[in-house]
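Asks: I'm passing along data_6.cif; it holds mmCIF, C-alpha atoms.
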```
data_structure
loop_
_atom_site.group_PDB
_atom_site.id
_atom_site.type_symbol
_atom_site.label_atom_id
_atom_site.label_comp_id
_atom_site.auth_asym_id
_atom_site.auth_seq_id
_atom_site.Cartn_x
_atom_site.Cartn_y
_atom_site.Cartn_z
ATOM 1 C CA MET X 1 -131.187 -114.704 -115.389
ATOM 2 C CA VAL X 2 -132.110 -118.267 -116.205
ATOM 3 C CA TYR X 3 -131.746 -120.821 -113.438
ATOM 4 C CA ASN X 4 -131.206 -124.453 -114.234
ATOM 5 C CA PHE X 5 -130.542 -127.127 -111.654
ATOM 6 C CA ASN X 6 -130.558 -130.090 -114.043
ATOM 7 C CA ASN X 7 -129.059 -133.186 -112.398
ATOM 8 C CA LYS X 8 -128.479 -131.283 -109.140
ATOM 9 C CA THR X 9 -129.518 -132.917 -105.896
ATOM 10 C CA VAL X 10 -130.874 -130.681 -103.141
ATOM 11 C CA LEU X 11 -131.485 -131.723 -99.524
ATOM 12 C CA ILE X 12 -133.969 -129.545 -97.646
ATOM 13 C CA THR X 13 -134.360 -130.165 -93.923
ATOM 14 C CA GLY X 14 -137.804 -129.377 -92.570
ATOM 15 C CA GLY X 15 -138.925 -129.411 -96.188
ATOM 16 C CA ALA X 16 -142.432 -130.806 -95.837
ATOM 17 C CA SER X 17 -144.227 -127.593 -94.871
ATOM 18 C CA GLY X 18 -143.994 -123.804 -94.739
ATOM 19 C CA ILE X 19 -140.865 -122.157 -96.086
ATOM 20 C CA GLY X 20 -139.154 -125.525 -96.537
ATOM 21 C CA LEU X 21 -141.905 -126.836 -98.804
ATOM 22 C CA GLU X 22 -141.754 -123.718 -100.983
ATOM 23 C CA ILE X 23 -137.977 -124.114 -101.242
ATOM 24 C CA ALA X 24 -138.382 -127.741 -102.313
ATOM 25 C CA ASN X 25 -141.068 -126.802 -104.825
ATOM 26 C CA SER X 26 -138.909 -124.037 -106.309
ATOM 27 C CA TYR X 27 -135.920 -126.321 -106.832
ATOM 28 C CA TYR X 28 -138.094 -129.024 -108.371
ATOM 29 C CA LYS X 29 -139.561 -126.459 -110.756
ATOM 30 C CA LEU X 30 -135.987 -125.786 -111.918
ATOM 31 C CA ASN X 31 -135.335 -129.476 -112.679
ATOM 32 C CA ALA X 32 -133.506 -130.438 -109.483
ATOM 33 C CA ASN X 33 -133.828 -133.735 -107.693
ATOM 34 C CA ILE X 34 -135.054 -132.938 -104.205
ATOM 35 C CA ILE X 35 -134.784 -134.720 -100.891
ATOM 36 C CA ILE X 36 -137.166 -133.664 -98.136
ATOM 37 C CA CYS X 37 -136.380 -134.710 -94.597
ATOM 38 C CA GLY X 38 -138.131 -134.054 -91.327
ATOM 39 C CA ARG X 39 -139.357 -135.675 -88.147
ATOM 40 C CA ASN X 40 -143.035 -135.855 -89.062
ATOM 41 C CA LYS X 41 -143.390 -138.343 -91.915
ATOM 42 C CA GLU X 42 -147.170 -137.796 -91.958
ATOM 43 C CA LYS X 43 -146.511 -134.546 -93.838
ATOM 44 C CA PHE X 44 -144.481 -136.184 -96.602
ATOM 45 C CA GLN X 45 -147.269 -137.397 -98.871
ATOM 46 C CA ASN X 46 -149.060 -134.032 -98.832
ATOM 47 C CA ALA X 47 -145.759 -132.331 -99.633
ATOM 48 C CA LYS X 48 -145.081 -134.645 -102.586
ATOM 49 C CA ASP X 49 -148.634 -134.243 -103.881
ATOM 50 C CA PHE X 50 -148.334 -130.459 -103.709
ATOM 51 C CA ILE X 51 -145.029 -130.401 -105.602
ATOM 52 C CA LEU X 52 -146.148 -132.852 -108.290
ATOM 53 C CA HIS X 53 -149.479 -131.049 -108.769
ATOM 54 C CA SER X 54 -147.669 -127.697 -109.057
ATOM 55 C CA ASN X 55 -145.207 -129.070 -111.634
ATOM 56 C CA PRO X 56 -147.011 -131.721 -113.707
ATOM 57 C CA ASN X 57 -144.455 -131.716 -116.548
ATOM 58 C CA LYS X 58 -141.296 -132.031 -114.473
ATOM 59 C CA LYS X 59 -139.408 -135.317 -114.214
ATOM 60 C CA GLY X 60 -137.084 -134.833 -111.248
ATOM 61 C CA GLU X 61 -136.908 -137.240 -108.348
ATOM 62 C CA ILE X 62 -138.566 -136.509 -104.996
ATOM 63 C CA LEU X 63 -137.308 -138.494 -102.027
ATOM 64 C CA THR X 64 -138.488 -138.190 -98.425
ATOM 65 C CA PHE X 65 -136.742 -139.307 -95.243
ATOM 66 C CA GLN X 66 -137.852 -139.272 -91.649
ATOM 67 C CA CYS X 67 -134.753 -138.021 -89.880
ATOM 68 C CA ASP X 68 -133.814 -136.316 -86.626
ATOM 69 C CA MET X 69 -131.272 -133.775 -87.859
ATOM 70 C CA SER X 70 -129.809 -133.401 -84.374
ATOM 71 C CA SER X 71 -128.736 -137.053 -84.443
ATOM 72 C CA GLU X 72 -125.417 -137.788 -86.150
ATOM 73 C CA LYS X 73 -126.368 -141.458 -86.415
ATOM 74 C CA ASN X 74 -129.708 -140.704 -88.103
ATOM 75 C CA ILE X 75 -128.145 -138.305 -90.589
ATOM 76 C CA LYS X 76 -125.435 -140.786 -91.559
ATOM 77 C CA ILE X 77 -128.060 -143.460 -92.200
ATOM 78 C CA MET X 78 -130.011 -141.035 -94.395
ATOM 79 C CA VAL X 79 -126.903 -139.962 -96.313
ATOM 80 C CA ASN X 80 -125.953 -143.563 -97.053
ATOM 81 C CA GLU X 81 -129.413 -144.181 -98.473
ATOM 82 C CA ILE X 82 -129.204 -141.020 -100.556
ATOM 83 C CA LYS X 83 -125.834 -142.119 -101.964
ATOM 84 C CA ASN X 84 -127.459 -145.330 -103.169
ATOM 85 C CA LYS X 85 -129.750 -143.196 -105.333
ATOM 86 C CA PHE X 86 -127.645 -140.166 -106.306
ATOM 87 C CA ASP X 87 -123.942 -139.610 -106.844
ATOM 88 C CA GLU X 88 -123.801 -136.604 -104.570
ATOM 89 C CA ILE X 89 -125.641 -133.885 -102.671
ATOM 90 C CA ASN X 90 -124.965 -130.552 -104.369
ATOM 91 C CA ILE X 91 -126.983 -128.232 -102.139
ATOM 92 C CA LEU X 92 -128.005 -128.395 -98.481
ATOM 93 C CA VAL X 93 -130.660 -126.078 -97.062
ATOM 94 C CA ASN X 94 -130.577 -126.154 -93.247
ATOM 95 C CA ASN X 95 -134.164 -125.119 -92.739
ATOM 96 C CA CYS X 96 -135.536 -127.242 -89.869
ATOM 97 C CA SER X 97 -136.527 -125.148 -86.878
ATOM 98 C CA THR X 98 -139.088 -124.595 -84.174
ATOM 99 C CA TRP X 99 -140.664 -121.477 -82.690
ATOM 100 C CA SER X 100 -142.621 -120.818 -79.529
ATOM 101 C CA LEU X 101 -143.139 -118.026 -77.026
ATOM 102 C CA SER X 102 -142.260 -118.319 -73.351
ATOM 103 C CA SER X 103 -140.874 -115.981 -70.743
ATOM 104 C CA ILE X 104 -137.446 -116.875 -69.350
ATOM 105 C CA LEU X 105 -138.858 -117.431 -65.857
ATOM 106 C CA GLU X 106 -141.435 -119.898 -67.191
ATOM 107 C CA LEU X 107 -139.121 -121.677 -69.628
ATOM 108 C CA LYS X 108 -139.015 -125.453 -69.304
ATOM 109 C CA VAL X 109 -135.614 -127.092 -69.693
ATOM 110 C CA GLU X 110 -137.051 -129.642 -72.114
ATOM 111 C CA ASP X 111 -138.253 -126.770 -74.306
ATOM 112 C CA LEU X 112 -134.724 -125.336 -74.282
ATOM 113 C CA ASP X 113 -133.289 -128.703 -75.321
ATOM 114 C CA ASN X 114 -135.884 -129.062 -78.067
ATOM 115 C CA ALA X 115 -135.136 -125.596 -79.450
ATOM 116 C CA TYR X 116 -131.379 -126.178 -79.392
ATOM 117 C CA ASN X 117 -131.710 -129.541 -81.133
ATOM 118 C CA ASN X 118 -134.057 -128.287 -83.846
ATOM 119 C CA ILE X 119 -132.530 -124.885 -84.560
ATOM 120 C CA LEU X 120 -128.785 -124.874 -83.921
ATOM 121 C CA LYS X 121 -127.564 -128.417 -83.370
ATOM 122 C CA SER X 122 -129.327 -129.627 -86.515
ATOM 123 C CA THR X 123 -127.626 -126.897 -88.548
ATOM 124 C CA ILE X 124 -124.181 -127.681 -87.156
ATOM 125 C CA ILE X 125 -124.428 -131.467 -87.448
ATOM 126 C CA GLY X 126 -126.037 -131.240 -90.890
ATOM 127 C CA THR X 127 -123.225 -129.000 -92.112
ATOM 128 C CA LYS X 128 -120.592 -131.312 -90.631
ATOM 129 C CA ILE X 129 -121.868 -134.518 -92.237
ATOM 130 C CA ILE X 130 -123.118 -133.179 -95.581
ATOM 131 C CA GLY X 131 -120.070 -130.919 -95.855
ATOM 132 C CA SER X 132 -117.853 -133.990 -95.441
ATOM 133 C CA GLU X 133 -119.687 -135.613 -98.349
ATOM 134 C CA MET X 134 -119.424 -132.500 -100.515
ATOM 135 C CA LYS X 135 -115.734 -131.761 -100.001
ATOM 136 C CA ASN X 136 -114.411 -134.385 -102.406
ATOM 137 C CA LYS X 137 -116.842 -133.494 -105.200
ATOM 138 C CA ASN X 138 -116.441 -130.990 -108.028
ATOM 139 C CA GLY X 139 -118.772 -128.256 -109.188
ATOM 140 C CA ASN X 140 -120.976 -125.735 -107.439
ATOM 141 C CA LYS X 141 -121.514 -126.860 -103.828
ATOM 142 C CA SER X 142 -123.620 -124.730 -101.542
ATOM 143 C CA ILE X 143 -125.019 -124.735 -98.014
ATOM 144 C CA ILE X 144 -127.755 -122.275 -97.057
ATOM 145 C CA ASN X 145 -128.689 -121.699 -93.408
ATOM 146 C CA ILE X 146 -131.873 -120.035 -92.175
ATOM 147 C CA SER X 147 -131.705 -117.470 -89.392
ATOM 148 C CA SER X 148 -134.358 -114.935 -88.353
ATOM 149 C CA PHE X 149 -134.685 -111.203 -87.770
ATOM 150 C CA ALA X 150 -134.896 -112.196 -84.113
ATOM 151 C CA GLY X 151 -131.215 -113.049 -84.469
ATOM 152 C CA PHE X 152 -130.565 -109.309 -84.905
ATOM 153 C CA MET X 153 -133.202 -107.851 -82.620
ATOM 154 C CA PRO X 154 -134.322 -110.333 -79.951
ATOM 155 C CA GLN X 155 -138.021 -111.042 -79.723
ATOM 156 C CA GLN X 156 -139.714 -110.606 -76.374
ATOM 157 C CA ASN X 157 -140.673 -113.947 -74.802
ATOM 158 C CA ALA X 158 -138.580 -115.756 -77.421
ATOM 159 C CA SER X 159 -135.121 -115.289 -75.941
ATOM 160 C CA ILE X 160 -133.943 -118.851 -76.645
ATOM 161 C CA TYR X 161 -135.149 -118.769 -80.248
ATOM 162 C CA SER X 162 -133.487 -115.374 -80.716
ATOM 163 C CA CYS X 163 -130.097 -116.379 -79.343
ATOM 164 C CA LEU X 164 -130.008 -119.636 -81.323
ATOM 165 C CA LYS X 165 -130.877 -117.848 -84.559
ATOM 166 C CA SER X 166 -128.158 -115.301 -83.796
ATOM 167 C CA ALA X 167 -125.678 -118.165 -83.401
ATOM 168 C CA ILE X 168 -126.577 -119.446 -86.867
ATOM 169 C CA ILE X 169 -125.394 -116.180 -88.428
ATOM 170 C CA ASN X 170 -121.995 -116.507 -86.763
ATOM 171 C CA PHE X 171 -121.796 -120.229 -87.545
ATOM 172 C CA THR X 172 -122.419 -119.395 -91.206
ATOM 173 C CA LYS X 173 -119.381 -117.125 -91.304
ATOM 174 C CA SER X 174 -117.024 -119.508 -89.530
ATOM 175 C CA SER X 175 -118.101 -122.546 -91.547
ATOM 176 C CA ALA X 176 -117.860 -120.545 -94.793
ATOM 177 C CA SER X 177 -114.263 -119.722 -93.925
ATOM 178 C CA GLU X 178 -113.395 -123.339 -93.120
ATOM 179 C CA LEU X 179 -115.159 -124.931 -96.096
ATOM 180 C CA ALA X 180 -114.055 -122.459 -98.758
ATOM 181 C CA LYS X 181 -110.918 -124.488 -99.501
ATOM 182 C CA TYR X 182 -113.165 -127.368 -100.581
ATOM 183 C CA GLY X 183 -115.167 -125.164 -102.919
ATOM 184 C CA ILE X 184 -118.193 -125.205 -100.610
ATOM 185 C CA ARG X 185 -119.978 -121.889 -100.216
ATOM 186 C CA VAL X 186 -121.994 -121.258 -97.033
ATOM 187 C CA ASN X 187 -124.498 -118.429 -96.786
ATOM 188 C CA CYS X 188 -127.419 -117.444 -94.598
ATOM 189 C CA ILE X 189 -130.922 -116.127 -95.160
ATOM 190 C CA THR X 190 -132.587 -113.970 -92.490
ATOM 191 C CA PRO X 191 -136.354 -113.703 -93.032
ATOM 192 C CA GLY X 192 -138.494 -111.036 -91.456
ATOM 193 C CA VAL X 193 -142.208 -111.548 -90.827
ATOM 194 C CA ILE X 194 -143.259 -114.280 -93.254
ATOM 195 C CA ASN X 195 -146.763 -115.679 -93.609
ATOM 196 C CA THR X 196 -146.711 -119.428 -92.918
ATOM 197 C CA ASN X 197 -149.016 -121.884 -91.189
ATOM 198 C CA MET X 198 -146.751 -121.657 -88.140
ATOM 199 C CA THR X 199 -146.936 -117.851 -87.901
ATOM 200 C CA LYS X 200 -150.381 -116.971 -89.279
ATOM 201 C CA GLU X 201 -152.170 -117.025 -85.913
ATOM 202 C CA TYR X 202 -149.536 -114.813 -84.292
ATOM 203 C CA ILE X 203 -149.525 -112.442 -87.287
ATOM 204 C CA GLY X 204 -153.311 -112.243 -87.264
ATOM 205 C CA LYS X 205 -153.380 -111.226 -83.599
ATOM 206 C CA ASN X 206 -150.574 -108.665 -83.927
ATOM 207 C CA LYS X 207 -150.959 -107.379 -87.493
ATOM 208 C CA ASN X 208 -150.752 -103.613 -86.887
ATOM 209 C CA LYS X 209 -147.852 -103.847 -84.453
ATOM 210 C CA LEU X 210 -145.886 -106.116 -86.786
ATOM 211 C CA LEU X 211 -146.497 -103.977 -89.887
ATOM 212 C CA ARG X 212 -145.478 -100.686 -88.294
ATOM 213 C CA PRO X 213 -141.679 -101.034 -88.643
ATOM 214 C CA ILE X 214 -141.735 -102.640 -92.127
ATOM 215 C CA ALA X 215 -140.887 -100.074 -94.818
ATOM 216 C CA LEU X 216 -142.750 -101.933 -97.592
ATOM 217 C CA ASN X 217 -145.837 -102.121 -95.354
ATOM 218 C CA ARG X 218 -146.592 -105.786 -95.973
ATOM 219 C CA PHE X 219 -145.565 -109.207 -94.767
ATOM 220 C CA GLY X 220 -143.348 -111.484 -96.807
ATOM 221 C CA ASN X 221 -144.291 -114.799 -98.343
ATOM 222 C CA THR X 222 -142.509 -118.111 -98.633
ATOM 223 C CA LYS X 223 -141.817 -117.691 -102.351
ATOM 224 C CA GLU X 224 -139.749 -114.593 -101.654
ATOM 225 C CA ILE X 225 -137.542 -116.570 -99.281
ATOM 226 C CA ALA X 226 -137.196 -119.445 -101.750
ATOM 227 C CA ASN X 227 -136.190 -117.030 -104.552
ATOM 228 C CA ALA X 228 -133.264 -115.752 -102.494
ATOM 229 C CA ILE X 229 -132.116 -119.268 -101.653
ATOM 230 C CA ILE X 230 -132.243 -120.262 -105.322
ATOM 231 C CA PHE X 231 -130.026 -117.298 -106.181
ATOM 232 C CA LEU X 232 -127.462 -117.944 -103.451
ATOM 233 C CA SER X 233 -127.056 -121.583 -104.501
ATOM 234 C CA SER X 234 -126.835 -120.807 -108.221
ATOM 235 C CA GLU X 235 -123.918 -120.114 -110.544
ATOM 236 C CA TYR X 236 -124.800 -116.406 -110.348
ATOM 237 C CA ALA X 237 -123.610 -116.334 -106.733
ATOM 238 C CA GLU X 238 -120.348 -118.257 -107.143
ATOM 239 C CA TYR X 239 -118.318 -115.423 -105.557
ATOM 240 C CA ILE X 240 -120.612 -115.049 -102.547
ATOM 241 C CA THR X 241 -119.897 -116.891 -99.308
ATOM 242 C CA GLY X 242 -120.195 -116.161 -95.600
ATOM 243 C CA GLU X 243 -122.937 -113.618 -96.222
ATOM 244 C CA ASN X 244 -126.273 -113.073 -94.511
ATOM 245 C CA LEU X 245 -129.060 -111.861 -96.791
ATOM 246 C CA CYS X 246 -131.918 -110.174 -94.931
ATOM 247 C CA ILE X 247 -135.381 -110.456 -96.490
ATOM 248 C CA THR X 248 -137.514 -108.307 -94.250
ATOM 249 C CA GLY X 249 -139.244 -105.703 -96.429
ATOM 250 C CA GLY X 250 -137.052 -103.051 -94.841
ATOM 251 C CA LYS X 251 -137.862 -103.813 -91.203
ATOM 252 C CA TYR X 252 -136.543 -101.146 -88.822
ATOM 253 C CA LEU X 253 -134.578 -99.247 -91.467
ATOM 254 C CA THR X 254 -135.005 -96.218 -89.230
ATOM 255 C CA GLN X 255 -136.397 -95.589 -85.773
ATOM 256 C CA LYS X 256 -139.308 -93.208 -85.327
#
```
Before anything else, please render the file you have as structure tokens.

Replies:
Amino acid sequence: MVYNFNNKTVLITGGASGIGLEIANSYYKLNANIIICGRNKEKFQNAKDFILHSNPNKKGEILTFQCDMSSEKNIKIMVNEIKNKFDEINILVNNCSTWSLSSILELKVEDLDNAYNNILKSTIIGTKIIGSEMKNKNGNKSIINISSFAGFMPQQNASIYSCLKSAIINFTKSSASELAKYGIRVNCITPGVINTNMTKEYIGKNKNKLLRPIALNRFGNTKEIANAIIFLSSEYAEYITGENLCITGGKYLTQK
């Protein structure tokens, strides 16, 4: 299988670090133009430097936008600026998220609002606005959402994160059904335990407990998530929509 995203434009939310940065880097490596958006613009230059250093012979465009993906107004402003540069957005990766641990009884309402805005609302609003832009275009159009294994099996002290990630799986199916008539495919990726800057401290403290249920007996890496996203947005997956691909190393295949 040879992937080629020549002249394709990919928007990755939360693309300046972690899984999002690896996704952006993987698309750029395959000749795509990439757009990285996020709230923290201080990360943008490091992200661009990493991608350009990793791919010194590539000529694609890299754009960055500071954008609150839970704000319809902010997204529309960003999309208008993108349209001044590119004809269309071919692929949207709804990757922005947040993660923290807190018991229900100690949960702060502002933390609930922040989680909802970053995880679920951003995915819904992003799909609404970018999907509206995609619907009148031809060719392979794809939206990829990011859930979590916690969406299947809730994580203790992360009940809000778990329920919002579960909602993303259902939203993927309903939006795939609605957008199919426009030739827009919508799929979901569900990672298991993946080593990132955000998770490394938690993984380090709980290594043995976290490894125990994983059949392959190791943690995943960001490249393995990016590879799956590349496939689902490629021509090789043109008959796949509304699906949720779990990348967990075989977590909880059986109970012991």

Asks: Calculated over only C-alpha atoms, which of the candidates X:Asn4, X:Asn95, X:Asn138, X:Thr172 has the smallest distance to X:Gly18?

Replies: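 Between X:Asn4, X:Asn95, X:Asn138, X:Thr172, the residue approaching X:Gly18 most closely is X:Asn95.
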
Asks: Using the chain letters and numbering of this document, enumerate as a ChimeraX atom specification the residues selected by the PyMOL selection byres ((chain X and resi 157) around 9).

Replies: /X:100-104,154-156,158-160

Asks: Evaluate the PyMOL selection byres ((chain X and resi 64) around 10) and record the selected residues as number ranges by chain, following the chain and residue labels used in the document.

Replies: X: 11-12, 15-16, 34-38, 41, 43-45, 47-48, 62-63, 65-67, 78, 82

Asks: For the structure shown, which residues end up in the PyMOL selection byres ((chain X and resi 195) around 8)? Put them as a PyMOL selection string, please?

Replies: chain X and resi 193-194+196-197+199-200+203+219-222

Asks: Using Å and a single decimal, report how far atom CA of X:Ser70 sits from atom CA of X:Thr123.

Replies: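 Computing it gives 8.0 Å between the two atoms.
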
Asks: My list of candidates is X:Ser147, X:Asn227, X:Asn31, X:Thr9. Which is closest to X:Thr98 when distances are computed with all atoms listed in the file?

Replies: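 Of X:Ser147, X:Asn227, X:Asn31, X:Thr9, the one nearest X:Thr98 is X:Ser147, counting all atoms listed in the file.
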
Asks: Between atom CA of X:Asn25 and atom CA of X:Ser177, what is the spacing in Å?

Replies: 29.8 Å

Asks: Please provide as a ChimeraX atom specification all residues within 9 Å of X:Val79, with the sequence filter that same-chain residues fewer than 4 positions apart are discarded (counting all atoms listed in the file).

Replies: /X:74-75,83-84,89,129-130,133

Asks: Of the candidates X:Phe152, X:Tyr3, X:Tyr27, X:Tyr161, which shows the shortest atom-to-atom distance to X:Lys58, using all atoms listed in the file?

Replies: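 Of X:Phe152, X:Tyr3, X:Tyr27, X:Tyr161, the one nearest X:Lys58 is X:Tyr27, counting all atoms listed in the file.
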
Asks: What does the distance between atom CA of X:Ile125 and atom CA of X:Gly139 come to in Å, to one decimal place?

Replies: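 Between atom CA of X:Ile125 and atom CA of X:Gly139 the gap works out to 22.7 Å.
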
Asks: List as JSON, numbers by chain the protein and nucleic acid residues near X:Ile184, meaning an atom at most 8 Å away when all atoms listed in the file are counted, but skip any in the same chain fewer than 6 places from it.

Replies: {"X": [131, 134, 135, 140, 141, 142, 143, 176]}

Asks: Kindly indicate which residue among X:Ile229, X:Arg212, X:Ile119, X:Leu179 lies nearest to X:Tyr252, using all atoms listed in the file for the distances.

Replies: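 For X:Tyr252, the nearest of the candidates is X:Arg212.
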
Asks: Give the answer as one residue: which of X:Leu232, X:Ala180, X:Ala237, X:Cys188 has the shortest atom-to-atom distance to X:Gly151, using only C-alpha atoms?

Replies: X:Cys188

Asks: Taking all atoms of stretch 192-200 of chain X that the file lists and extending 3 Å past them on each side, where is the centre of the axis-aligned box and how long are its edges? Answer in Å to one decimal, as lines of an AutoDock Vina configuration file.

Replies:
```
center_x = -144.4
center_y = -116.5
center_z = -90.8
size_x = 17.9
size_y = 16.8
size_z = 11.7
```

Asks: I need the residue nearest X:Phe171 from this list: X:Asn208, X:Val109, X:Gly242, X:Tyr202. Use all atoms listed in the file for the distance.

Replies: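 Residue with the minimum atom-to-atom distance to X:Phe171: X:Gly242.
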
Asks: With N, CA and C atoms as the goal, would you fill in the gaps in stretch 206-230 of chain X and present it as a PDB file, in the frame of the given file?

Replies:
```
ATOM      1  N   ASN X 206    -151.479-109.793 -84.154  1.00  0.00           N
ATOM      2  CA  ASN X 206    -150.574-108.665 -83.927  1.00  0.00           C
ATOM      3  C   ASN X 206    -150.279-107.891 -85.208  1.00  0.00           C
ATOM      4  N   LYS X 207    -151.203-107.905 -86.154  1.00  0.00           N
ATOM      5  CA  LYS X 207    -150.959-107.379 -87.493  1.00  0.00           C
ATOM      6  C   LYS X 207    -150.439-105.942 -87.496  1.00  0.00           C
ATOM      7  N   ASN X 208    -151.135-105.033 -86.836  1.00  0.00           N
ATOM      8  CA  ASN X 208    -150.752-103.613 -86.887  1.00  0.00           C
ATOM      9  C   ASN X 208    -149.387-103.369 -86.256  1.00  0.00           C
ATOM     10  N   LYS X 209    -149.139-104.004 -85.140  1.00  0.00           N
ATOM     11  CA  LYS X 209    -147.852-103.847 -84.453  1.00  0.00           C
ATOM     12  C   LYS X 209    -146.708-104.378 -85.317  1.00  0.00           C
ATOM     13  N   LEU X 210    -146.930-105.499 -85.983  1.00  0.00           N
ATOM     14  CA  LEU X 210    -145.886-106.116 -86.786  1.00  0.00           C
ATOM     15  C   LEU X 210    -145.624-105.351 -88.074  1.00  0.00           C
ATOM     16  N   LEU X 211    -146.662-104.729 -88.633  1.00  0.00           N
ATOM     17  CA  LEU X 211    -146.497-103.977 -89.887  1.00  0.00           C
ATOM     18  C   LEU X 211    -145.781-102.646 -89.690  1.00  0.00           C
ATOM     19  N   ARG X 212    -145.944-102.054 -88.525  1.00  0.00           N
ATOM     20  CA  ARG X 212    -145.478-100.686 -88.294  1.00  0.00           C
ATOM     21  C   ARG X 212    -144.015-100.455 -88.680  1.00  0.00           C
ATOM     22  N   PRO X 213    -143.079-101.325 -88.322  1.00  0.00           N
ATOM     23  CA  PRO X 213    -141.679-101.034 -88.643  1.00  0.00           C
ATOM     24  C   PRO X 213    -141.233-101.496 -90.034  1.00  0.00           C
ATOM     25  N   ILE X 214    -142.126-102.087 -90.821  1.00  0.00           N
ATOM     26  CA  ILE X 214    -141.735-102.640 -92.127  1.00  0.00           C
ATOM     27  C   ILE X 214    -141.927-101.582 -93.199  1.00  0.00           C
ATOM     28  N   ALA X 215    -140.838-101.167 -93.850  1.00  0.00           N
ATOM     29  CA  ALA X 215    -140.887-100.074 -94.818  1.00  0.00           C
ATOM     30  C   ALA X 215    -141.847-100.364 -95.979  1.00  0.00           C
ATOM     31  N   LEU X 216    -141.881-101.588 -96.463  1.00  0.00           N
ATOM     32  CA  LEU X 216    -142.750-101.933 -97.592  1.00  0.00           C
ATOM     33  C   LEU X 216    -144.199-102.148 -97.187  1.00  0.00           C
ATOM     34  N   ASN X 217    -144.473-102.089 -95.893  1.00  0.00           N
ATOM     35  CA  ASN X 217    -145.837-102.121 -95.354  1.00  0.00           C
ATOM     36  C   ASN X 217    -146.618-103.386 -95.737  1.00  0.00           C
ATOM     37  N   ARG X 218    -145.917-104.499 -95.763  1.00  0.00           N
ATOM     38  CA  ARG X 218    -146.592-105.786 -95.973  1.00  0.00           C
ATOM     39  C   ARG X 218    -145.712-106.897 -95.411  1.00  0.00           C
ATOM     40  N   PHE X 219    -146.317-108.043 -95.223  1.00  0.00           N
ATOM     41  CA  PHE X 219    -145.565-109.207 -94.767  1.00  0.00           C
ATOM     42  C   PHE X 219    -144.996-109.954 -95.975  1.00  0.00           C
ATOM     43  N   GLY X 220    -143.941-110.705 -95.734  1.00  0.00           N
ATOM     44  CA  GLY X 220    -143.348-111.484 -96.807  1.00  0.00           C
ATOM     45  C   GLY X 220    -144.065-112.805 -97.003  1.00  0.00           C
ATOM     46  N   ASN X 221    -143.727-113.475 -98.095  1.00  0.00           N
ATOM     47  CA  ASN X 221    -144.291-114.799 -98.343  1.00  0.00           C
ATOM     48  C   ASN X 221    -143.172-115.804 -98.595  1.00  0.00           C
ATOM     49  N   THR X 222    -143.519-117.062 -98.544  1.00  0.00           N
ATOM     50  CA  THR X 222    -142.509-118.111 -98.633  1.00  0.00           C
ATOM     51  C   THR X 222    -141.776-118.116 -99.972  1.00  0.00           C
ATOM     52  N   LYS X 223    -142.450-117.723-101.029  1.00  0.00           N
ATOM     53  CA  LYS X 223    -141.817-117.691-102.351  1.00  0.00           C
ATOM     54  C   LYS X 223    -140.660-116.706-102.372  1.00  0.00           C
ATOM     55  N   GLU X 224    -140.808-115.598-101.668  1.00  0.00           N
ATOM     56  CA  GLU X 224    -139.749-114.593-101.654  1.00  0.00           C
ATOM     57  C   GLU X 224    -138.502-115.097-100.928  1.00  0.00           C
ATOM     58  N   ILE X 225    -138.683-115.953 -99.948  1.00  0.00           N
ATOM     59  CA  ILE X 225    -137.542-116.570 -99.281  1.00  0.00           C
ATOM     60  C   ILE X 225    -136.894-117.600-100.208  1.00  0.00           C
ATOM     61  N   ALA X 226    -137.714-118.425-100.841  1.00  0.00           N
ATOM     62  CA  ALA X 226    -137.196-119.445-101.750  1.00  0.00           C
ATOM     63  C   ALA X 226    -136.411-118.815-102.901  1.00  0.00           C
ATOM     64  N   ASN X 227    -136.892-117.693-103.443  1.00  0.00           N
ATOM     65  CA  ASN X 227    -136.190-117.030-104.552  1.00  0.00           C
ATOM     66  C   ASN X 227    -134.767-116.653-104.165  1.00  0.00           C
ATOM     67  N   ALA X 228    -134.597-116.157-102.950  1.00  0.00           N
ATOM     68  CA  ALA X 228    -133.264-115.752-102.494  1.00  0.00           C
ATOM     69  C   ALA X 228    -132.351-116.960-102.327  1.00  0.00           C
ATOM     70  N   ILE X 229    -132.907-118.045-101.834  1.00  0.00           N
ATOM     71  CA  ILE X 229    -132.116-119.268-101.653  1.00  0.00           C
ATOM     72  C   ILE X 229    -131.688-119.832-103.000  1.00  0.00           C
ATOM     73  N   ILE X 230    -132.587-119.820-103.966  1.00  0.00           N
ATOM     74  CA  ILE X 230    -132.243-120.262-105.322  1.00  0.00           C
ATOM     75  C   ILE X 230    -131.064-119.455-105.854  1.00  0.00           C
TER      76      ILE X 230
END
```
